[in-house]
file target_22.txt (compact mmCIF, C-alpha atoms)
# COMPACT_ATOMS: atom_id res chain seq x y z
CA MET A 88 4.28 25.79 18.35
CA LYS A 89 3.23 23.21 15.78
CA LYS A 90 2.96 19.72 17.23
CA LYS A 91 5.69 17.40 15.96
CA SER A 92 4.67 14.38 13.92
CA ARG A 93 5.28 10.83 15.12
CA TYR A 94 8.00 10.54 12.53
CA GLN A 95 9.80 13.69 13.73
CA LEU A 96 9.71 12.48 17.32
CA LEU A 97 11.09 9.08 16.34
CA MET A 98 13.81 10.65 14.21
CA GLU A 99 14.98 12.61 17.24
CA GLU A 100 14.76 9.64 19.56
CA ALA A 101 16.33 6.97 17.35
CA PRO A 102 18.40 7.84 14.27
CA ASP A 103 18.80 4.19 13.28
CA GLY A 104 16.20 3.08 10.68
CA GLN A 105 15.82 -0.47 11.96
CA TYR A 106 15.20 0.77 15.50
CA ARG A 107 12.66 3.32 14.27
CA ALA A 108 10.87 0.49 12.46
CA LYS A 109 10.48 -1.31 15.79
CA LYS A 110 9.07 1.85 17.32
CA TYR A 111 6.52 2.10 14.52
CA LEU A 112 5.57 -1.52 15.09
CA ASN A 113 4.63 -0.74 18.68
CA LEU A 114 2.68 2.35 17.65
CA ILE A 115 0.73 0.44 14.99
CA ARG A 116 -0.15 -2.34 17.41
CA ASN A 117 -1.26 0.16 20.05
CA ASP A 118 -3.55 1.83 17.50
CA LEU A 119 -4.99 -1.52 16.40
CA LYS A 120 -5.66 -2.60 19.96
CA ALA A 121 -7.29 0.74 20.77
CA ALA A 122 -9.68 0.40 17.82
CA ALA A 123 -10.38 -3.33 18.32
CA ASP A 124 -13.98 -4.47 18.61
CA PRO A 125 -14.54 -8.01 19.94
CA ALA A 126 -17.91 -8.18 18.19
CA ILE A 127 -16.26 -7.59 14.80
CA ALA A 128 -13.59 -10.17 15.60
CA GLU A 129 -16.28 -12.73 16.42
CA SER A 130 -18.46 -12.01 13.38
CA SER A 131 -15.47 -12.18 11.02
CA LYS A 132 -14.95 -15.84 11.89
CA ARG A 133 -17.91 -16.81 9.71
CA PHE A 134 -15.84 -16.19 6.57
CA PHE A 135 -13.39 -18.95 7.50
CA LYS A 136 -13.88 -22.68 7.79
CA LYS A 137 -13.47 -24.44 11.10
CA GLY A 138 -9.80 -25.15 11.73
CA GLU A 139 -8.52 -22.49 9.32
CA HIS A 140 -6.07 -19.96 10.70
CA PHE A 141 -7.83 -16.76 11.69
CA LEU A 142 -6.46 -14.24 14.16
CA CYS A 143 -7.70 -10.67 14.26
CA TYR A 144 -8.09 -7.68 16.55
CA GLY A 145 -11.57 -6.89 15.26
CA LEU A 146 -11.42 -3.85 12.95
CA LYS A 147 -13.41 -3.02 9.87
CA ASN A 148 -11.43 -2.76 6.64
CA ALA A 149 -12.00 0.99 6.45
CA GLU A 150 -10.33 1.47 9.84
CA VAL A 151 -7.39 -0.75 8.89
CA ASN A 152 -6.99 1.26 5.67
CA ARG A 153 -7.07 4.50 7.65
CA ILE A 154 -4.30 3.32 9.97
CA ALA A 155 -2.29 2.00 7.02
CA LYS A 156 -2.62 5.33 5.23
CA GLN A 157 -1.53 7.24 8.33
CA TYR A 158 1.59 5.16 8.79
CA GLY A 159 2.27 5.14 5.07
CA ALA A 160 2.66 8.90 5.36
CA ASP A 161 4.53 8.79 8.67
CA THR A 162 7.14 6.27 7.49
CA LYS A 163 8.22 8.14 4.37
CA GLY A 164 11.49 8.98 6.08
CA LEU A 165 12.38 5.35 6.74
CA SER A 166 14.80 3.65 4.40
CA LYS A 167 13.50 0.87 2.18
CA SER A 168 15.18 -1.71 4.42
CA GLY A 169 13.51 -0.14 7.46
CA ILE A 170 10.07 -0.30 5.85
CA LEU A 171 10.59 -3.92 4.77
CA ALA A 172 11.76 -4.81 8.28
CA LEU A 173 8.55 -3.27 9.62
CA CYS A 174 6.48 -5.18 7.06
CA GLU A 175 8.05 -8.50 7.98
CA ALA A 176 7.53 -7.88 11.70
CA LEU A 177 3.86 -7.18 10.99
CA TRP A 178 3.55 -10.37 8.94
CA GLN A 179 5.11 -12.46 11.69
CA SER A 180 2.26 -11.73 14.11
CA GLY A 181 -0.29 -13.76 12.14
CA TYR A 182 -2.96 -11.07 12.63
CA GLN A 183 -5.18 -10.18 9.66
CA GLU A 184 -4.98 -6.44 10.29
CA GLU A 185 -1.19 -6.41 10.65
CA ALA A 186 -0.85 -8.37 7.42
CA GLY A 187 -3.08 -5.83 5.68
CA ILE A 188 -0.97 -2.92 6.90
CA ALA A 189 2.22 -4.75 5.85
CA CYS A 190 0.79 -5.11 2.35
CA ALA A 191 -0.18 -1.45 2.19
CA LEU A 192 3.25 -0.25 3.36
CA ALA A 193 5.03 -2.48 0.83
CA GLU A 194 2.80 -1.17 -1.97
CA ARG A 195 3.78 2.41 -1.07
CA LEU A 196 7.43 1.73 -1.87
CA GLY A 197 6.61 2.77 -5.41
CA SER A 198 9.73 3.64 -7.39
CA ALA A 199 11.90 2.01 -4.72
CA SER A 200 10.53 -1.41 -5.68
CA THR A 201 12.80 -3.55 -7.86
CA PRO A 202 12.52 -6.97 -9.53
CA ASP A 203 14.69 -8.37 -6.73
CA ASP A 204 11.78 -7.83 -4.33
CA PHE A 205 9.95 -10.73 -5.97
CA ASP A 206 12.06 -13.34 -4.17
CA MET A 207 11.40 -11.68 -0.83
CA TYR A 208 7.65 -11.50 -1.53
CA ALA A 209 7.65 -15.17 -2.50
CA ALA A 210 9.36 -16.03 0.78
CA TRP A 211 6.81 -13.96 2.72
CA ALA A 212 3.95 -15.70 0.95
CA ASN A 213 5.38 -19.11 1.79
CA ARG A 214 6.09 -18.30 5.44
CA TYR A 215 3.35 -15.93 6.52
CA VAL A 216 0.27 -16.27 4.31
CA LEU A 217 -2.06 -18.46 6.36
CA ASN A 218 -5.53 -18.11 4.80
CA TRP A 219 -7.36 -16.99 1.67
CA ALA A 220 -7.79 -13.40 2.88
CA MET A 221 -4.07 -12.91 3.46
CA CYS A 222 -3.35 -14.59 0.13
CA ASP A 223 -5.72 -12.38 -1.82
CA THR A 224 -4.67 -9.11 -0.19
CA PHE A 225 -0.98 -9.82 -0.66
CA CYS A 226 -0.97 -11.49 -4.05
CA LYS A 227 -3.71 -9.54 -5.82
CA HIS A 228 -2.33 -6.17 -4.73
CA THR A 229 1.26 -6.18 -3.44
CA VAL A 230 2.71 -8.91 -5.66
CA GLY A 231 0.35 -8.01 -8.50
CA ASP A 232 1.55 -4.39 -8.46
CA LEU A 233 5.17 -5.56 -8.69
CA VAL A 234 4.36 -7.83 -11.64
CA MET A 235 2.52 -4.99 -13.37
CA LYS A 236 5.57 -2.78 -12.91
CA TYR A 237 7.98 -5.49 -14.08
CA PRO A 238 6.07 -7.75 -16.52
CA GLU A 239 9.11 -9.98 -16.97
CA LEU A 240 8.42 -11.34 -13.49
CA ALA A 241 5.06 -12.81 -14.48
CA GLU A 242 6.49 -16.03 -15.90
CA ARG A 243 7.96 -16.84 -12.50
CA LEU A 244 4.44 -17.29 -11.16
CA PHE A 245 4.16 -20.54 -13.08
CA ASP A 246 6.72 -22.07 -10.72
CA TRP A 247 4.27 -21.39 -7.88
CA THR A 248 1.81 -23.90 -9.37
CA ARG A 249 4.24 -26.69 -8.39
CA SER A 250 4.27 -25.72 -4.71
CA GLU A 251 2.80 -27.95 -2.02
CA ASN A 252 1.56 -24.81 -0.26
CA ARG A 253 -2.10 -24.25 -1.14
CA TRP A 254 -1.79 -20.47 -0.77
CA ILE A 255 1.21 -20.28 -3.08
CA LYS A 256 -0.74 -22.22 -5.72
CA ARG A 257 -3.77 -19.97 -5.27
CA GLY A 258 -1.46 -16.95 -5.35
CA SER A 259 -0.02 -17.94 -8.73
CA ALA A 260 -3.42 -17.21 -10.25
CA VAL A 261 -4.68 -14.45 -7.93
CA THR A 262 -1.57 -12.33 -8.63
CA LEU A 263 -2.70 -12.06 -12.26
CA ILE A 264 -6.27 -10.93 -11.59
CA ALA A 265 -5.70 -7.17 -11.96
CA PRO A 266 -3.53 -7.37 -15.10
CA ALA A 267 -5.75 -10.09 -16.60
CA SER A 268 -8.79 -7.83 -16.24
CA ARG A 269 -6.90 -5.36 -18.45
CA GLY A 270 -6.29 -7.99 -21.09
CA LEU A 271 -2.72 -8.82 -20.08
CA PHE A 272 -0.96 -12.18 -19.64
CA LEU A 273 -3.76 -14.27 -21.17
CA PRO A 274 -1.46 -17.15 -22.29
CA LEU A 275 0.03 -17.32 -18.80
CA VAL A 276 -3.42 -17.29 -17.17
CA PHE A 277 -4.33 -20.29 -19.34
CA ARG A 278 -1.08 -22.12 -18.54
CA ILE A 279 -1.56 -21.61 -14.81
CA ALA A 280 -5.20 -22.70 -15.03
CA ASP A 281 -4.17 -25.84 -16.91
CA ALA A 282 -1.47 -26.60 -14.33
CA LEU A 283 -4.00 -26.27 -11.49
CA LEU A 284 -6.99 -27.59 -13.43
CA GLN A 285 -7.76 -30.69 -11.36
CA ASP A 286 -6.29 -29.61 -8.05
CA ALA A 287 -8.50 -31.02 -5.32
CA ASP A 288 -8.31 -27.91 -3.12
CA ASP A 289 -11.38 -25.71 -3.57
CA MET A 290 -9.38 -22.62 -2.60
CA VAL A 291 -7.00 -23.28 -5.48
CA GLN A 292 -9.93 -23.94 -7.82
CA LYS A 293 -11.55 -20.66 -6.85
CA GLY A 294 -8.24 -18.86 -7.36
CA TYR A 295 -7.67 -19.89 -10.95
CA GLY A 296 -11.39 -19.65 -11.72
CA TRP A 297 -11.25 -16.04 -10.50
CA ALA A 298 -8.26 -15.32 -12.75
CA LEU A 299 -10.14 -16.75 -15.74
CA LYS A 300 -13.17 -14.61 -14.87
CA ALA A 301 -10.95 -11.52 -14.76
CA ALA A 302 -9.43 -12.43 -18.12
CA SER A 303 -12.91 -12.83 -19.63
CA LYS A 304 -13.49 -9.08 -19.30
CA ALA A 305 -11.17 -8.46 -22.23
CA HIS A 306 -11.09 -11.95 -23.78
CA GLU A 307 -14.54 -13.42 -23.25
CA GLN A 308 -14.55 -15.73 -26.29
CA GLU A 309 -11.04 -17.04 -25.64
CA VAL A 310 -11.87 -17.85 -22.01
CA PHE A 311 -15.17 -19.42 -23.06
CA ASP A 312 -13.38 -21.63 -25.58
CA PHE A 313 -10.82 -22.59 -22.91
CA VAL A 314 -13.57 -23.62 -20.49
CA MET A 315 -15.60 -25.48 -23.13
CA ALA A 316 -12.58 -27.54 -24.12
CA ARG A 317 -12.09 -28.63 -20.48
CA ARG A 318 -15.60 -28.62 -19.04
CA ALA A 319 -15.73 -32.41 -18.75
CA ILE A 320 -12.80 -32.48 -16.32
CA MET A 321 -12.82 -28.98 -14.86
CA PRO A 322 -14.14 -28.85 -11.27
CA ARG A 323 -17.54 -27.18 -11.13
CA THR A 324 -16.31 -24.70 -8.53
CA ALA A 325 -13.64 -23.34 -10.87
CA LEU A 326 -15.97 -23.48 -13.87
CA ARG A 327 -18.66 -21.42 -12.16
CA TYR A 328 -16.14 -18.79 -11.17
CA ALA A 329 -14.68 -18.60 -14.68
CA ILE A 330 -18.01 -18.05 -16.47
CA GLU A 331 -19.74 -15.92 -13.84
CA LYS A 332 -19.70 -12.69 -15.88
CA MET A 333 -20.51 -14.25 -19.25
CA PRO A 334 -23.91 -14.00 -20.97
CA LEU A 335 -26.56 -16.47 -19.81
CA GLU A 336 -26.45 -18.58 -22.97
CA LYS A 337 -22.72 -19.13 -22.66
CA ARG A 338 -23.07 -20.00 -18.98
CA LYS A 339 -25.72 -22.60 -19.81
CA LEU A 340 -23.54 -24.17 -22.51
CA ALA A 341 -20.50 -24.29 -20.25
CA MET A 342 -22.40 -25.86 -17.34
CA ASN A 343 -23.83 -28.60 -19.60
CA LYS A 344 -21.21 -31.32 -19.43
CA GLY A 345 -23.12 -33.41 -21.93

call {"tool": "encode", "arguments": {"input": "target_22.txt", "output": "structure tokens"}}
result
Amino acid sequence: MKKKSRYQLLMEEAPDGQYRAKKYLNLIRNDLKAAADPAIAESSKRFFKKGEHFLCYGLKNAEVNRIAKQYGADTKGLSKSGILALCEALWQSGYQEEAGIACALAERLGSASTPDDFDMYAAWANRYVLNWAMCDTFCKHTVGDLVMKYPELAERLFDWTRSENRWIKRGSAVTLIAPASRGLFLPLVFRIADALLQDADDMVQKGYGWALKAASKAHEQEVFDFVMARRAIMPRTALRYAIEKMPLEKRKLAMNKG
């Protein structure tokens, strides 16, 4: 007899979607703990400054992706509300790996995603994103995918630049990296960069500098002109990020404040 899948067993045990989501949460955590490597957890700390939030089991990204893919297939039978309940429970733990799986499961909603999900994602970002890695995984991929699907949502990212939360401000720019690299939303990238231009937080500077760098793939001259017009007041951290992929001569000109 063919062995039943985890999903089939859970369907038989608990017909309620919310309860099944809790069962999946326990299964995911058991798998993460079983694959945890203390040495990886310790070495990963070097990517974060002292005092920054960092909590992890100790898994390589490839292993986290494997587990996320497995549960992405297993949870196909859950309702959208059940999947989102599972995602939020994962976010609440504060663990890097659980946040990564939450992002992957949300991205797999596909056609079930709607513009209304933006408000929920914004709330998650404000409550649960605790460091640059969580910000980049969530905003660049999960929120970015939603904005690509519903371009009318992009303008709402400008409101994020007014937040007091450093990760929301960084996220306003990071969300646009994938579409910007395809030549999209250039005016909005510039508006967000202008709004964050002299922010004192280096993580925010790196975020909008990264978005400008992505936009330079399709609009090199426009981004160069933007940087040149602001190079006297633009933080060097952001400036270096923005021009990183440009030809050497342009990089030299941009870095010369005189």

call {"tool": "atom_distance", "arguments": {"input": "target_22.txt", "atom1": "atom CA of Ala128 of chain A", "atom2": "atom CA of Phe141 of chain A"}}
result
9.6 Å

call {"tool": "closest_residue", "arguments": {"input": "target_22.txt", "among": "A:Arg107, A:Arg278, A:Arg323, A:Arg214", "to": "Lys163 of chain A", "atoms": "all atoms listed in the file"}}
result
A:Arg107

call {"tool": "atom_distance", "arguments": {"input": "target_22.txt", "atom1": "atom CA of Val314 of chain A", "atom2": "atom CA of Asp223 of chain A"}}
result
23.2 Å

call {"tool": "atom_distance", "arguments": {"input": "target_22.txt", "atom1": "atom CA of Phe225 of chain A", "atom2": "atom CA of Leu165 of chain A"}}
result
21.5 Å

call {"tool": "residues_around", "arguments": {"input": "target_22.txt", "residues": "Glu309 of chain A", "least_positions_apart": "2", "cutoff": "12 Å", "atoms": "only C-alpha atoms", "output": "PDB file with C-alpha atoms, keeping the file's coordinate frame"}}
result
ATOM      1  CA  GLY A 270      -6.290  -7.990 -21.090  1.00  0.00           C
ATOM      2  CA  LEU A 273      -3.760 -14.270 -21.170  1.00  0.00           C
ATOM      3  CA  PRO A 274      -1.460 -17.150 -22.290  1.00  0.00           C
ATOM      4  CA  VAL A 276      -3.420 -17.290 -17.170  1.00  0.00           C
ATOM      5  CA  PHE A 277      -4.330 -20.290 -19.340  1.00  0.00           C
ATOM      6  CA  LEU A 299     -10.140 -16.750 -15.740  1.00  0.00           C
ATOM      7  CA  LYS A 300     -13.170 -14.610 -14.870  1.00  0.00           C
ATOM      8  CA  ALA A 302      -9.430 -12.430 -18.120  1.00  0.00           C
ATOM      9  CA  SER A 303     -12.910 -12.830 -19.630  1.00  0.00           C
ATOM     10  CA  LYS A 304     -13.490  -9.080 -19.300  1.00  0.00           C
ATOM     11  CA  ALA A 305     -11.170  -8.460 -22.230  1.00  0.00           C
ATOM     12  CA  HIS A 306     -11.090 -11.950 -23.780  1.00  0.00           C
ATOM     13  CA  GLU A 307     -14.540 -13.420 -23.250  1.00  0.00           C
ATOM     14  CA  PHE A 311     -15.170 -19.420 -23.060  1.00  0.00           C
ATOM     15  CA  ASP A 312     -13.380 -21.630 -25.580  1.00  0.00           C
ATOM     16  CA  PHE A 313     -10.820 -22.590 -22.910  1.00  0.00           C
ATOM     17  CA  VAL A 314     -13.570 -23.620 -20.490  1.00  0.00           C
ATOM     18  CA  MET A 315     -15.600 -25.480 -23.130  1.00  0.00           C
ATOM     19  CA  ALA A 316     -12.580 -27.540 -24.120  1.00  0.00           C
ATOM     20  CA  ALA A 329     -14.680 -18.600 -14.680  1.00  0.00           C
ATOM     21  CA  ILE A 330     -18.010 -18.050 -16.470  1.00  0.00           C
ATOM     22  CA  MET A 333     -20.510 -14.250 -19.250  1.00  0.00           C
TER      23      MET A 333
END

call {"tool": "residues_around", "arguments": {"input": "target_22.txt", "residues": "segment 204-208 of chain A", "least_positions_apart": "3", "cutoff": "12 Å", "atoms": "only C-alpha atoms", "output": "compact mmCIF listing (two decimals) with C-alpha atoms, keeping the file's coordinate frame"}}
result
# COMPACT_ATOMS: atom_id res chain seq x y z
CA LYS A 167 13.50 0.87 2.18
CA SER A 168 15.18 -1.71 4.42
CA LEU A 171 10.59 -3.92 4.77
CA ALA A 172 11.76 -4.81 8.28
CA CYS A 174 6.48 -5.18 7.06
CA GLU A 175 8.05 -8.50 7.98
CA TRP A 178 3.55 -10.37 8.94
CA ALA A 189 2.22 -4.75 5.85
CA CYS A 190 0.79 -5.11 2.35
CA ALA A 193 5.03 -2.48 0.83
CA GLU A 194 2.80 -1.17 -1.97
CA LEU A 196 7.43 1.73 -1.87
CA GLY A 197 6.61 2.77 -5.41
CA ALA A 199 11.90 2.01 -4.72
CA SER A 200 10.53 -1.41 -5.68
CA THR A 201 12.80 -3.55 -7.86
CA TRP A 211 6.81 -13.96 2.72
CA ALA A 212 3.95 -15.70 0.95
CA ASN A 213 5.38 -19.11 1.79
CA ARG A 214 6.09 -18.30 5.44
CA TYR A 215 3.35 -15.93 6.52
CA VAL A 216 0.27 -16.27 4.31
CA CYS A 222 -3.35 -14.59 0.13
CA PHE A 225 -0.98 -9.82 -0.66
CA CYS A 226 -0.97 -11.49 -4.05
CA HIS A 228 -2.33 -6.17 -4.73
CA THR A 229 1.26 -6.18 -3.44
CA VAL A 230 2.71 -8.91 -5.66
CA GLY A 231 0.35 -8.01 -8.50
CA ASP A 232 1.55 -4.39 -8.46
CA LEU A 233 5.17 -5.56 -8.69
CA VAL A 234 4.36 -7.83 -11.64
CA MET A 235 2.52 -4.99 -13.37
CA LYS A 236 5.57 -2.78 -12.91
CA TYR A 237 7.98 -5.49 -14.08
CA PRO A 238 6.07 -7.75 -16.52
CA GLU A 239 9.11 -9.98 -16.97
CA LEU A 240 8.42 -11.34 -13.49
CA ALA A 241 5.06 -12.81 -14.48
CA GLU A 242 6.49 -16.03 -15.90
CA ARG A 243 7.96 -16.84 -12.50
CA LEU A 244 4.44 -17.29 -11.16
CA TRP A 247 4.27 -21.39 -7.88
CA ILE A 255 1.21 -20.28 -3.08
CA GLY A 258 -1.46 -16.95 -5.35
CA THR A 262 -1.57 -12.33 -8.63

call {"tool": "build_atoms", "arguments": {"input": "target_22.txt", "residues": "segment 116-135 of chain A", "atoms": "N, CA and C atoms", "output": "compact mmCIF listing (two decimals), keeping the file's coordinate frame"}}
result
# COMPACT_ATOMS: atom_id res chain seq x y z
N ARG A 116 0.57 -1.36 16.60
CA ARG A 116 -0.15 -2.34 17.41
C ARG A 116 -1.00 -1.66 18.50
N ASN A 117 -0.48 -0.58 19.06
CA ASN A 117 -1.26 0.16 20.05
C ASN A 117 -2.53 0.73 19.42
N ASP A 118 -2.39 1.26 18.19
CA ASP A 118 -3.55 1.83 17.50
C ASP A 118 -4.57 0.74 17.16
N LEU A 119 -4.08 -0.42 16.73
CA LEU A 119 -4.99 -1.52 16.40
C LEU A 119 -5.73 -2.00 17.63
N LYS A 120 -5.03 -2.14 18.72
CA LYS A 120 -5.66 -2.60 19.96
C LYS A 120 -6.69 -1.59 20.45
N ALA A 121 -6.37 -0.30 20.30
CA ALA A 121 -7.29 0.74 20.77
C ALA A 121 -8.59 0.75 19.97
N ALA A 122 -8.50 0.38 18.69
CA ALA A 122 -9.68 0.40 17.82
C ALA A 122 -10.38 -0.95 17.75
N ALA A 123 -9.84 -1.97 18.42
CA ALA A 123 -10.38 -3.33 18.32
C ALA A 123 -11.79 -3.43 18.87
N ASP A 124 -12.61 -4.23 18.20
CA ASP A 124 -13.98 -4.47 18.61
C ASP A 124 -14.20 -5.98 18.66
N PRO A 125 -14.36 -6.56 19.83
CA PRO A 125 -14.54 -8.01 19.94
C PRO A 125 -15.71 -8.55 19.12
N ALA A 126 -16.75 -7.74 18.97
CA ALA A 126 -17.91 -8.18 18.19
C ALA A 126 -17.54 -8.37 16.72
N ILE A 127 -16.71 -7.46 16.19
CA ILE A 127 -16.26 -7.59 14.80
C ILE A 127 -15.36 -8.80 14.66
N ALA A 128 -14.48 -9.02 15.63
CA ALA A 128 -13.59 -10.17 15.60
C ALA A 128 -14.39 -11.47 15.57
N GLU A 129 -15.46 -11.53 16.36
CA GLU A 129 -16.28 -12.73 16.42
C GLU A 129 -17.06 -12.95 15.12
N SER A 130 -17.65 -11.87 14.60
CA SER A 130 -18.46 -12.01 13.38
C SER A 130 -17.62 -12.33 12.15
N SER A 131 -16.35 -11.93 12.16
CA SER A 131 -15.47 -12.18 11.02
C SER A 131 -15.13 -13.65 10.87
N LYS A 132 -15.28 -14.41 11.93
CA LYS A 132 -14.95 -15.84 11.89
C LYS A 132 -15.81 -16.60 10.89
N ARG A 133 -17.00 -16.07 10.58
CA ARG A 133 -17.91 -16.81 9.71
C ARG A 133 -17.39 -16.94 8.28
N PHE A 134 -16.40 -16.14 7.93
CA PHE A 134 -15.84 -16.19 6.57
C PHE A 134 -14.77 -17.27 6.43
N PHE A 135 -14.46 -17.96 7.51
CA PHE A 135 -13.39 -18.95 7.50
C PHE A 135 -13.92 -20.29 8.00
